[in-house]
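As provided, data30.cif (mmCIF, C-alpha atoms and all ligand atoms) reads as follows.
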```cif
data_protein
#
loop_
_atom_site.label_atom_id
_atom_site.label_comp_id
_atom_site.auth_asym_id
_atom_site.auth_seq_id
_atom_site.Cartn_x
_atom_site.Cartn_y
_atom_site.Cartn_z
CA MET Q 161 -10.21 -14.78 11.06
CA HIS Q 162 -8.73 -11.67 12.60
CA LEU Q 163 -10.91 -8.58 12.65
CA TYR Q 164 -9.51 -5.09 12.18
CA LEU Q 165 -11.36 -1.80 12.41
CA ASP Q 166 -11.08 0.36 9.29
CA SER Q 167 -11.26 3.78 10.88
CA ALA Q 168 -9.21 6.68 12.22
CA SER Q 169 -11.91 7.58 14.75
CA LEU Q 170 -10.61 7.15 18.29
CA ASP Q 171 -14.17 6.70 19.57
CA ASP Q 172 -14.76 3.84 17.13
CA VAL Q 173 -11.44 2.23 18.06
CA LYS Q 174 -12.40 2.37 21.74
CA LYS Q 175 -15.88 0.96 21.03
CA ALA Q 176 -14.49 -1.95 18.96
CA HIS Q 177 -11.82 -2.60 21.59
CA ASP Q 178 -14.46 -2.65 24.34
CA LEU Q 179 -16.40 -5.32 22.43
CA GLY Q 180 -13.39 -7.59 22.90
CA VAL Q 181 -13.12 -8.51 19.22
CA LEU Q 182 -10.52 -6.05 17.95
CA ASP Q 183 -7.29 -7.52 16.56
CA GLY Q 184 -5.95 -4.43 14.77
CA VAL Q 185 -6.74 -1.15 13.02
CA THR Q 186 -6.31 0.12 9.47
CA THR Q 187 -6.27 3.81 8.56
CA ASN Q 188 -5.86 5.64 5.28
CA PRO Q 189 -5.50 9.29 4.16
CA SER Q 190 -9.26 9.65 3.50
CA LEU Q 191 -10.17 8.33 6.95
CA ILE Q 192 -7.68 10.59 8.74
CA ALA Q 193 -8.81 13.60 6.69
CA LYS Q 194 -12.31 13.19 8.19
CA GLU Q 195 -10.87 13.46 11.70
CA GLY Q 196 -9.17 16.85 11.38
CA VAL Q 197 -6.22 15.88 13.63
CA PRO Q 198 -2.56 15.34 12.72
CA TYR Q 199 -1.98 11.80 11.43
CA ALA Q 200 0.93 11.00 13.80
CA LYS Q 201 -0.99 12.18 16.86
CA ARG Q 202 -4.02 10.06 16.01
CA LEU Q 203 -1.89 7.00 15.25
CA GLU Q 204 -0.23 7.36 18.62
CA GLU Q 205 -3.65 7.58 20.33
CA ILE Q 206 -4.93 4.53 18.45
CA CYS Q 207 -1.82 2.52 19.35
CA ARG Q 208 -2.41 3.27 23.02
CA VAL Q 209 -5.82 1.54 22.78
CA CYS Q 210 -5.11 -1.22 20.26
CA LYS Q 211 -2.01 -3.33 20.80
CA GLY Q 212 -2.48 -5.29 17.56
CA PRO Q 213 -1.16 -4.15 14.16
CA VAL Q 214 -2.12 -0.55 13.29
CA SER Q 215 -1.65 0.35 9.62
CA ALA Q 216 -0.28 3.82 8.86
CA GLU Q 217 -0.42 4.77 5.20
CA VAL Q 218 2.19 6.84 3.38
CA ILE Q 219 1.19 9.85 1.29
CA ALA Q 220 4.27 9.71 -0.92
CA THR Q 221 3.98 7.93 -4.25
CA ASP Q 222 7.73 7.66 -4.96
CA TYR Q 223 10.11 5.05 -3.54
CA GLU Q 224 12.33 7.42 -1.53
CA GLY Q 225 9.36 9.31 -0.13
CA MET Q 226 7.64 6.09 0.93
CA LEU Q 227 10.75 4.91 2.75
CA ARG Q 228 11.14 8.29 4.45
CA GLU Q 229 7.50 8.38 5.61
CA GLY Q 230 7.47 4.70 6.55
CA ARG Q 231 10.52 5.17 8.76
CA GLU Q 232 8.80 8.12 10.48
CA HIS Q 233 5.59 6.11 11.02
CA ILE Q 234 7.37 3.22 12.74
CA LYS Q 235 8.82 5.60 15.35
CA ILE Q 236 5.27 6.20 16.66
CA ALA Q 237 4.76 2.75 18.23
CA SER Q 238 6.08 -0.78 17.95
CA ASN Q 239 2.79 -2.10 16.49
CA ILE Q 240 2.74 0.26 13.49
CA VAL Q 241 2.55 -1.45 10.10
CA VAL Q 242 3.57 0.72 7.14
CA LYS Q 243 0.82 0.84 4.53
CA LEU Q 244 2.07 1.29 0.97
CA PRO Q 245 0.28 1.33 -2.39
CA SER Q 246 0.59 -1.78 -4.56
CA THR Q 247 2.59 0.01 -7.27
CA ILE Q 248 6.06 -0.43 -8.76
CA ASP Q 249 7.55 2.03 -6.26
CA GLY Q 250 5.42 0.49 -3.51
CA VAL Q 251 6.70 -3.04 -4.10
CA ARG Q 252 10.31 -1.76 -4.08
CA ALA Q 253 9.69 0.09 -0.83
CA CYS Q 254 8.01 -3.03 0.59
CA LYS Q 255 11.12 -5.11 -0.15
CA ALA Q 256 13.47 -2.48 1.32
CA LEU Q 257 11.41 -2.15 4.51
CA ALA Q 258 10.85 -5.91 4.84
CA ASP Q 259 14.62 -6.45 4.60
CA GLN Q 260 14.96 -4.15 7.62
CA GLY Q 261 12.31 -6.09 9.55
CA VAL Q 262 9.54 -3.51 9.04
CA LYS Q 263 6.03 -4.89 8.57
CA THR Q 264 4.08 -3.62 5.57
CA ASN Q 265 0.46 -3.64 4.45
CA MET Q 266 0.25 -3.43 0.65
CA THR Q 267 -2.95 -1.58 -0.10
CA LEU Q 268 -5.09 -0.81 -3.17
CA CYS Q 269 -4.71 -4.36 -4.49
CA PHE Q 270 -7.17 -4.96 -7.32
CA GLN Q 271 -5.66 -7.93 -9.15
CA SER Q 272 -4.20 -11.15 -7.81
CA LEU Q 273 -0.84 -10.68 -9.55
CA GLN Q 274 -0.26 -7.57 -7.43
CA ALA Q 275 -0.76 -9.84 -4.43
CA LEU Q 276 1.75 -12.36 -5.81
CA MET Q 277 4.36 -9.64 -6.34
CA VAL Q 278 4.01 -8.05 -2.89
CA ALA Q 279 4.18 -11.47 -1.23
CA LYS Q 280 7.46 -12.14 -3.05
CA ALA Q 281 8.70 -8.76 -1.80
CA GLY Q 282 8.02 -9.79 1.81
CA ALA Q 283 4.77 -7.96 2.61
CA PHE Q 284 3.23 -8.76 5.98
CA LEU Q 285 -0.31 -8.00 4.74
CA VAL Q 286 -1.95 -7.50 1.36
CA SER Q 287 -5.20 -5.52 1.13
CA PRO Q 288 -7.49 -6.56 -1.73
CA PHE Q 289 -10.37 -4.05 -1.99
CA ILE Q 290 -13.60 -5.99 -2.33
CA GLY Q 291 -16.22 -3.22 -2.29
CA ARG Q 292 -14.50 -1.00 -4.83
CA LEU Q 293 -14.32 -3.90 -7.31
CA ASP Q 294 -18.01 -4.63 -6.74
CA ASP Q 295 -18.69 -0.91 -7.33
CA ILE Q 296 -17.42 -1.23 -10.91
CA GLY Q 297 -19.30 -4.46 -11.58
CA GLN Q 298 -16.35 -6.78 -10.91
CA ASP Q 299 -16.14 -9.69 -8.48
CA GLY Q 300 -14.51 -8.53 -5.24
CA MET Q 301 -14.84 -11.88 -3.49
CA GLY Q 302 -13.37 -13.57 -6.59
CA LEU Q 303 -10.16 -11.63 -5.95
CA ILE Q 304 -9.94 -12.99 -2.40
CA ARG Q 305 -10.49 -16.51 -3.75
CA GLU Q 306 -7.73 -16.13 -6.37
CA ILE Q 307 -5.20 -14.73 -3.90
CA LYS Q 308 -6.00 -17.49 -1.42
CA THR Q 309 -5.36 -20.12 -4.12
CA ILE Q 310 -2.08 -18.52 -5.23
CA TYR Q 311 -0.76 -18.12 -1.69
CA THR Q 312 -1.75 -21.70 -0.84
CA ASN Q 313 -0.16 -23.05 -4.05
CA TYR Q 314 3.21 -21.56 -3.16
CA GLY Q 315 3.10 -21.46 0.63
CA LEU Q 316 3.39 -17.66 0.61
CA LYS Q 317 3.33 -16.20 4.10
CA THR Q 318 1.73 -12.78 3.43
CA LYS Q 319 -1.62 -12.49 5.17
CA ILE Q 320 -4.74 -11.69 3.15
CA LEU Q 321 -6.44 -8.67 4.70
CA ALA Q 322 -9.81 -8.22 2.99
CA ALA Q 323 -10.48 -4.47 2.76
CA SER Q 324 -13.23 -2.23 1.44
CA VAL Q 325 -15.68 -4.46 3.29
CA ARG Q 326 -19.08 -2.79 3.10
CA HIS Q 327 -21.52 -5.21 4.76
CA THR Q 328 -21.82 -8.43 6.74
CA ASN Q 329 -22.26 -10.52 3.60
CA HIS Q 330 -18.74 -9.49 2.54
CA LEU Q 331 -17.46 -10.43 5.98
CA LEU Q 332 -19.21 -13.80 5.94
CA HIS Q 333 -17.72 -14.71 2.57
CA CYS Q 334 -14.25 -13.57 3.64
CA ALA Q 335 -14.48 -16.01 6.53
CA LEU Q 336 -15.77 -18.82 4.29
CA LEU Q 337 -12.95 -18.26 1.79
CA GLY Q 338 -10.31 -18.23 4.53
CA ALA Q 339 -9.13 -14.60 4.42
CA ASP Q 340 -6.67 -14.19 7.29
CA VAL Q 341 -8.03 -10.80 8.30
CA ALA Q 342 -10.94 -8.54 7.37
CA THR Q 343 -10.97 -4.83 8.08
CA CYS Q 344 -14.30 -3.07 8.28
CA PRO Q 345 -16.14 -0.05 9.64
CA LEU Q 346 -17.60 -0.30 13.15
CA LYS Q 347 -21.14 -0.68 11.77
CA VAL Q 348 -20.24 -3.91 9.97
CA ILE Q 349 -18.75 -5.29 13.19
CA THR Q 350 -21.81 -4.43 15.30
CA ASP Q 351 -24.19 -5.63 12.54
CA CYS Q 352 -22.71 -9.12 13.00
CA MET Q 353 -24.49 -9.34 16.34
CA LYS Q 354 -27.91 -8.29 15.05
CA HIS Q 355 -30.76 -10.49 13.94
CA PRO Q 356 -34.50 -9.78 14.18
CA LEU Q 357 -35.12 -13.28 15.56
CA THR Q 358 -32.62 -12.63 18.36
CA ASP Q 359 -34.56 -9.48 19.35
CA LYS Q 360 -37.89 -11.29 18.99
CA GLY Q 361 -36.59 -14.23 21.03
CA ILE Q 362 -35.56 -11.92 23.88
CA GLU Q 363 -38.98 -10.27 23.79
CA ILE Q 364 -40.76 -13.65 23.98
CA PHE Q 365 -38.54 -14.94 26.80
CA LEU Q 366 -39.11 -11.78 28.84
CA ALA Q 367 -42.88 -11.82 28.23
CA ASP Q 368 -43.14 -15.51 29.23
CA TYR Q 369 -41.09 -14.91 32.36
CA LYS Q 370 -43.18 -11.89 33.30
CA LYS Q 371 -46.41 -13.83 32.78
CA ALA Q 372 -45.23 -16.64 35.05
CA PHE Q 373 -43.51 -14.64 37.78
CA GLY Q 374 -44.74 -11.07 37.32
CA GLY Q 375 -42.67 -7.89 37.67
CA GLN Q 376 -39.16 -7.76 36.22
O1 LIG Q 401 -8.83 1.19 4.19
C1 LIG Q 401 -9.03 0.78 2.90
C2 LIG Q 401 -10.42 0.33 2.55
O2 LIG Q 401 -10.94 -0.54 3.50
C3 LIG Q 401 -11.35 1.43 2.13
O3 LIG Q 401 -12.69 1.02 1.99
O4 LIG Q 401 -15.08 1.53 1.70
O5 LIG Q 401 -13.36 3.30 1.18
O6 LIG Q 401 -13.64 1.34 -0.31
P1 LIG Q 401 -13.74 1.84 1.09
#
```

So, in terms of structure tokens, how does the structure I just supplied come out?
Amino acid sequence: MHLYLDSASLDDVKKAHDLGVLDGVTTNPSLIAKEGVPYAKRLEEICRVCKGPVSAEVIATDYEGMLREGREHIKIASNIVVKLPSTIDGVRACKALADQGVKTNMTLCFQSLQALMVAKAGAFLVSPFIGRLDDIGQDGMGLIREIKTIYTNYGLKTKILAASVRHTNHLLHCALLGADVATCPLKVITDCMKHPLTDKGIEIFLADYKKAFGGQ
């Protein structure tokens, strides 16, 4: 499973990149708003660090506006993926951009039929939002399972990018269900390498070594 960082923080991108596990980055208008820098500038900075796909979301909600913004975004770097909402206008824009060889990430996917439609329109990635479905008492992981089944049934090539990942349990189940990619905040990535028994084990090994040989 590929692992993307869901952040517009350059520091976080550098930290995830330094871990050696970063395959790509996703951003959105809320994440960039927290940074207080122009979107294009930050995308350019991120693309200098991460050579994998970097999703740049459009603000426009109409077809023409999405195409206009998407075409601006792809000028920033060759690894930019245009992120579009999974709406009627979004699916049209996805098809138009895909026909021109532009990669798209269809975001805000909350039902599997949206995922079927965007795959038919040639999306590179679809982003089902797990956490936000869980927030309203629905089954986020169930959505990943349904999309996986539909894409497998018909050999659809769009990659499932599990988004709105809030904790390691989400990440674990994405991997078990066969999501192609998961995007998550830096904390979820670093939490994967934490376990109290790992810390305790290190403590015991060091204490035993010290007892036998003394010093460091
Ligand atoms: O980037 C889209 C998605 O991952 C947002 O997650 O936690 O705001 O629901 P969240």

I'd like the interatomic distance between atom CA of Val241 of chain Q and atom CA of Pro213 of chain Q, to a tenth of an Å.
6.1 Å

Select from chain Q every residue with an atom at most 7 Å from any atom of ligand LIG 401 (chain Q), then for each give the shortest pair of atoms and their distance in Å to one decimal, using all atoms listed in the file, rows by chain and rising number, as a Markdown table.
```
| residue | atom | partner | partner_atom | distance |
| --- | --- | --- | --- | --- |
| Q:Asp166 | CA | Q:LIG401 | O1 | 5.6 |
| Q:Thr186 | CA | Q:LIG401 | O1 | 5.9 |
| Q:Thr187 | CA | Q:LIG401 | O1 | 5.7 |
| Q:Asn188 | CA | Q:LIG401 | O1 | 5.5 |
| Q:Phe289 | CA | Q:LIG401 | C2 | 6.3 |
| Q:Gly291 | CA | Q:LIG401 | O6 | 5.6 |
| Q:Arg292 | CA | Q:LIG401 | O6 | 5.2 |
| Q:Ala323 | CA | Q:LIG401 | O2 | 4.0 |
| Q:Ser324 | CA | Q:LIG401 | O3 | 3.3 |
| Q:Val325 | CA | Q:LIG401 | O2 | 6.2 |
| Q:Arg326 | CA | Q:LIG401 | O4 | 6.1 |
| Q:Thr343 | CA | Q:LIG401 | O2 | 6.3 |
| Q:Cys344 | CA | Q:LIG401 | O2 | 6.4 |
```

From the set Q:Arg228, Q:His233, Q:Arg202, Q:His327, which residue has the shortest atom-to-atom contact distance to Ala216 of chain Q, counting all atoms listed in the file?
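The answer is Q:His233, which sits nearest to Ala216 of chain Q.
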
Determine the nearest neighbour of Asp171 of chain Q from the options Q:Ala193, Q:Met266, Q:Val278, Q:Leu346, counting only C-alpha atoms.
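The answer is Q:Leu346, which sits nearest to Asp171 of chain Q.
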
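Note that atom CA of Ala281 of chain Q and atom CA of Ala258 of chain Q are 7.5 Å apart.
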
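When only C-alpha atoms are used to compute distances to Leu285 of chain Q, the closest of the residues Q:Arg305, Q:Lys263, Q:Arg208, Q:Lys174 turns out to be Q:Lys263.
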
For Leu203 of chain Q, please output as a list in words all residues within 8 Å (counting all atoms listed in the file; exclusion window: fewer than 6 positions along the same chain).
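So, after excluding close chain neighbours, the residues are Ala168, Val214, Ala216 and Ile236 of chain Q.
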